[in-house]
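Engineer: Data: input.csv, CSV, C-alpha atoms.
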```
chain,number,residue,atom,x,y,z
A,5,MET,CA,101.4,124.5,79.3
A,6,ARG,CA,100.1,121.5,81.2
A,7,LYS,CA,97.9,118.7,79.9
A,8,PRO,CA,94.2,118.9,80.4
A,9,ALA,CA,93.0,116.9,83.4
A,10,ILE,CA,89.9,114.7,83.8
A,11,LEU,CA,88.8,114.5,87.5
A,12,TYR,CA,87.0,111.2,88.0
A,13,ASP,CA,85.7,108.9,90.7
A,14,SER,CA,87.3,105.5,90.3
A,15,HIS,CA,85.0,103.9,92.9
A,16,CYS,CA,81.8,104.7,90.9
A,17,LYS,CA,81.6,101.6,88.7
A,18,LEU,CA,79.8,103.4,85.8
A,19,CYS,CA,82.0,106.4,86.0
A,20,ASN,CA,85.2,104.3,86.0
A,21,LYS,CA,84.0,102.3,82.9
A,22,GLU,CA,83.5,105.5,81.0
A,23,ILE,CA,87.0,106.7,82.0
A,24,GLU,CA,88.5,103.4,80.9
A,25,TYR,CA,86.8,103.9,77.6
A,26,TYR,CA,88.4,107.4,77.3
A,27,LYS,CA,91.8,106.1,78.3
A,28,GLY,CA,91.5,103.5,75.5
A,29,LYS,CA,90.7,106.2,73.0
A,30,ASP,CA,93.5,108.5,74.3
A,31,ASN,CA,96.3,107.1,72.1
A,32,ARG,CA,98.1,110.5,72.0
A,33,LYS,CA,98.0,110.7,75.9
A,34,ILE,CA,96.1,114.1,75.7
A,35,PHE,CA,94.7,113.9,79.2
A,36,ASP,CA,95.9,113.4,82.7
A,37,TYR,CA,93.5,111.3,84.6
A,38,ILE,CA,93.1,112.3,88.3
A,39,ASP,CA,91.2,110.1,90.7
A,40,ILE,CA,89.3,112.1,93.2
A,41,ILE,CA,89.2,109.1,95.5
A,42,ASN,CA,92.9,109.0,95.9
A,43,PRO,CA,93.7,110.1,99.5
A,44,ASN,CA,96.3,112.5,98.2
A,45,PHE,CA,93.8,114.3,95.9
A,46,SER,CA,93.1,117.9,97.0
A,47,ALA,CA,90.1,119.6,95.4
A,48,ASP,CA,91.4,122.9,96.7
A,49,SER,CA,94.4,122.6,94.4
A,50,PHE,CA,92.0,123.0,91.5
A,51,GLY,CA,89.9,125.8,93.2
A,52,LEU,CA,87.1,123.3,93.8
A,53,THR,CA,85.4,121.9,96.9
A,54,LYS,CA,85.4,118.2,97.8
A,55,ALA,CA,81.6,118.2,97.6
A,56,ASP,CA,81.6,119.8,94.1
A,57,VAL,CA,84.1,117.2,92.7
A,58,HIS,CA,82.0,114.4,94.1
A,59,LYS,CA,78.7,115.7,92.8
A,60,TYR,CA,79.8,116.9,89.3
A,61,PHE,CA,82.2,115.6,86.6
A,62,HIS,CA,85.1,118.1,86.0
A,63,VAL,CA,87.7,118.6,83.4
A,64,ILE,CA,90.5,121.2,83.7
A,65,SER,CA,91.3,122.5,80.2
A,66,GLN,CA,94.9,123.0,79.0
A,67,GLN,CA,94.4,126.7,79.7
A,68,GLY,CA,93.3,126.0,83.3
A,69,LYS,CA,89.6,126.6,82.7
A,70,ILE,CA,87.3,124.5,84.9
A,71,LEU,CA,84.6,122.7,82.9
A,72,LYS,CA,81.7,120.9,84.6
A,73,GLY,CA,79.1,118.4,83.6
A,74,VAL,CA,78.1,118.4,79.9
A,75,ASP,CA,80.7,121.1,79.1
A,76,ALA,CA,83.4,118.8,80.5
A,77,PHE,CA,82.2,115.8,78.4
A,78,HIS,CA,82.0,117.9,75.3
A,79,TYR,CA,85.6,119.0,75.8
A,80,ILE,CA,86.7,115.3,76.0
A,81,TRP,CA,84.7,114.3,73.0
A,82,LYS,CA,86.3,117.1,70.9
A,83,GLU,CA,89.8,116.3,72.1
A,84,LEU,CA,89.4,112.5,71.5
A,85,ASP,CA,87.5,113.0,68.3
A,86,THR,CA,84.7,110.7,69.4
A,87,PHE,CA,80.9,110.7,70.0
A,88,TYR,CA,80.3,112.8,66.9
A,89,LEU,CA,76.5,112.8,67.3
A,90,PHE,CA,76.8,114.2,70.8
A,91,GLN,CA,79.2,116.8,69.6
A,92,LYS,CA,76.7,118.0,67.0
A,93,LEU,CA,73.8,117.8,69.5
A,94,TYR,CA,75.8,119.9,72.0
A,95,LYS,CA,76.1,122.7,69.3
A,96,ILE,CA,72.3,123.0,69.0
A,97,ARG,CA,70.7,125.1,71.7
A,98,LEU,CA,67.9,122.6,72.4
A,99,GLY,CA,70.3,119.7,72.2
A,100,LYS,CA,72.6,121.1,74.7
A,101,LEU,CA,69.7,121.9,77.0
A,102,ALA,CA,68.4,118.3,76.7
A,103,MET,CA,71.9,117.0,77.5
A,104,LYS,CA,72.1,119.3,80.6
A,105,ILE,CA,68.7,118.1,81.8
A,106,ALA,CA,69.7,114.5,81.4
A,107,TYR,CA,73.0,115.1,83.1
A,108,ASN,CA,71.4,116.9,86.1
A,109,SER,CA,69.0,113.9,86.4
A,110,PHE,CA,72.0,111.6,86.5
A,111,VAL,CA,73.7,113.7,89.2
A,112,LYS,CA,70.7,113.0,91.4
A,113,VAL,CA,70.9,109.2,91.1
A,114,ARG,CA,74.7,108.9,91.0
A,115,PRO,CA,75.0,108.5,94.8
A,116,TYR,CA,72.9,105.4,94.6
A,117,LEU,CA,74.9,103.7,91.8
A,118,PRO,CA,77.0,100.6,92.7
A,119,ARG,CA,80.4,101.5,94.1
A,120,LYS,CA,83.5,99.3,94.5
A,121,LYS,CA,83.4,97.3,97.8
A,122,GLU,CA,86.9,98.5,99.0
A,123,CYS,CA,85.6,102.1,99.2
A,124,ASP,CA,85.4,103.3,102.7
A,125,ASP,CA,84.7,106.6,104.5
A,126,TYR,CA,87.2,108.8,102.6
A,127,CYS,CA,85.3,108.3,99.3
A,128,GLU,CA,81.8,109.1,100.4
A,129,ILE,CA,79.9,111.3,98.1
```
Spit out the file's structure as structure tokens when you get a sec.

Structural biologist:
Amino acid sequence: MRKPAILYDSHCKLCNKEIEYYKGKDNRKIFDYIDIINPNFSADSFGLTKADVHKYFHVISQQGKILKGVDAFHYIWKELDTFYLFQKLYKIRLGKLAMKIAYNSFVKVRPYLPRKKECDDYCEI
């Protein structure tokens, strides 16, 4: 079995800070971290489109299941044994719904967040 993979945008400053936090917590090297901005990255190899990986956060589980958005975050939090309050909130129907509403709001503003200056055409959202 392969390691679960986190697909992330290294040129989104906020996204990259979060991934750096996860990397710091990942002492057992549970995850592979795959930068979707890398010119060699192919969304097709994961059964995804370029537009989808740029719009939503994805994790590929150890079993190969594609997790998106809040479900992807929950998977990370469980594996890294962190963000206990969010883990509990996720298990409550209304809590999970609130998290999904908040995430979908974030998705709409993410294209306007600061990006690294060296980003050029190949990393457009």

Engineer: Using all atoms listed in the file, which residue out of A:Glu83, A:Ile41, A:Glu22, A:Leu93 lies closest to Ala9 in chain A?

Structural biologist: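 The closest residue to Ala9 in chain A is A:Glu83.
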
Engineer: Between A:Ile80, A:Cys16, A:Leu71, A:Ala106, which residue has the minimum interatomic distance to Asp30 in chain A, considering all atoms listed in the file?

Structural biologist: A:Ile80

Engineer: Go ahead and find all residues with at least one atom no further than 12 Å from (75.2, 118.6, 75.4) in the file's coordinates, using all atoms listed in the file; report them as an MDAnalysis selection string.

Structural biologist: chainID A and resid 72:81 87:108

Engineer: Provide the CA of Arg6 in chain A to CA of Lys21 in chain A distance in Å, to one decimal place.

Structural biologist: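 Answer for the CA of Arg6 in chain A to CA of Lys21 in chain A separation: 25.1 Å.
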
Engineer: Enter the distance from CA of Val57 in chain A to CA of Asp39 in chain A, in Å, rounded to one decimal.

Structural biologist: 10.2 Å

Engineer: May I ask which of the residues A:Lys69, A:Lys7, A:Lys27, A:Arg114 is the closest one to Gly51 in chain A, counting all atoms listed in the file?

Structural biologist: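 So, comparing all the options, the nearest one is A:Lys69.
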
Engineer: So the first atom is CA of Ile40 in chain A and the second is CA of Lys54 in chain A; what is the distance between them in Å, to one decimal place?

Structural biologist: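 Taking CA of Ile40 in chain A as the start and CA of Lys54 in chain A as the end point, the length is 8.6 Å.
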
Engineer: Which is closer to Arg32 in chain A than all the others in A:Pro115, A:Gly68, A:Leu84, A:Phe110, using only C-alpha atoms?

Structural biologist: A:Leu84

Engineer: Using all atoms listed in the file for the distances, tell me which of A:Ile38, A:His15, A:Ile70, A:Tyr116 is nearest to Leu52 in chain A.

Structural biologist: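 Counting all atoms listed in the file, the residue closest to Leu52 in chain A is A:Ile70.
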
Engineer: Let me make sure I understand: among A:Phe50, A:Pro8, A:Ile23, A:His58, which one has the smallest atom-to-atom distance to Phe35 in chain A if we use all atoms listed in the file?

Structural biologist: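 Among the listed residues, the smallest separation from Phe35 in chain A belongs to A:Pro8.
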
Engineer: Find the residues near Glu24 in chain A: any atom within 12 Å, counting all atoms listed in the file, skip ones fewer than 3 places away on the same chain, and give them as a list of chain:residue names.

Structural biologist: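 Everything that qualifies: A:Ile10, A:Tyr12, A:Asp13, A:Ser14, A:Lys17, A:Leu18, A:Cys19, A:Asn20, A:Lys21, A:Lys27, A:Gly28, A:Lys29, A:Asp30, A:Tyr37.
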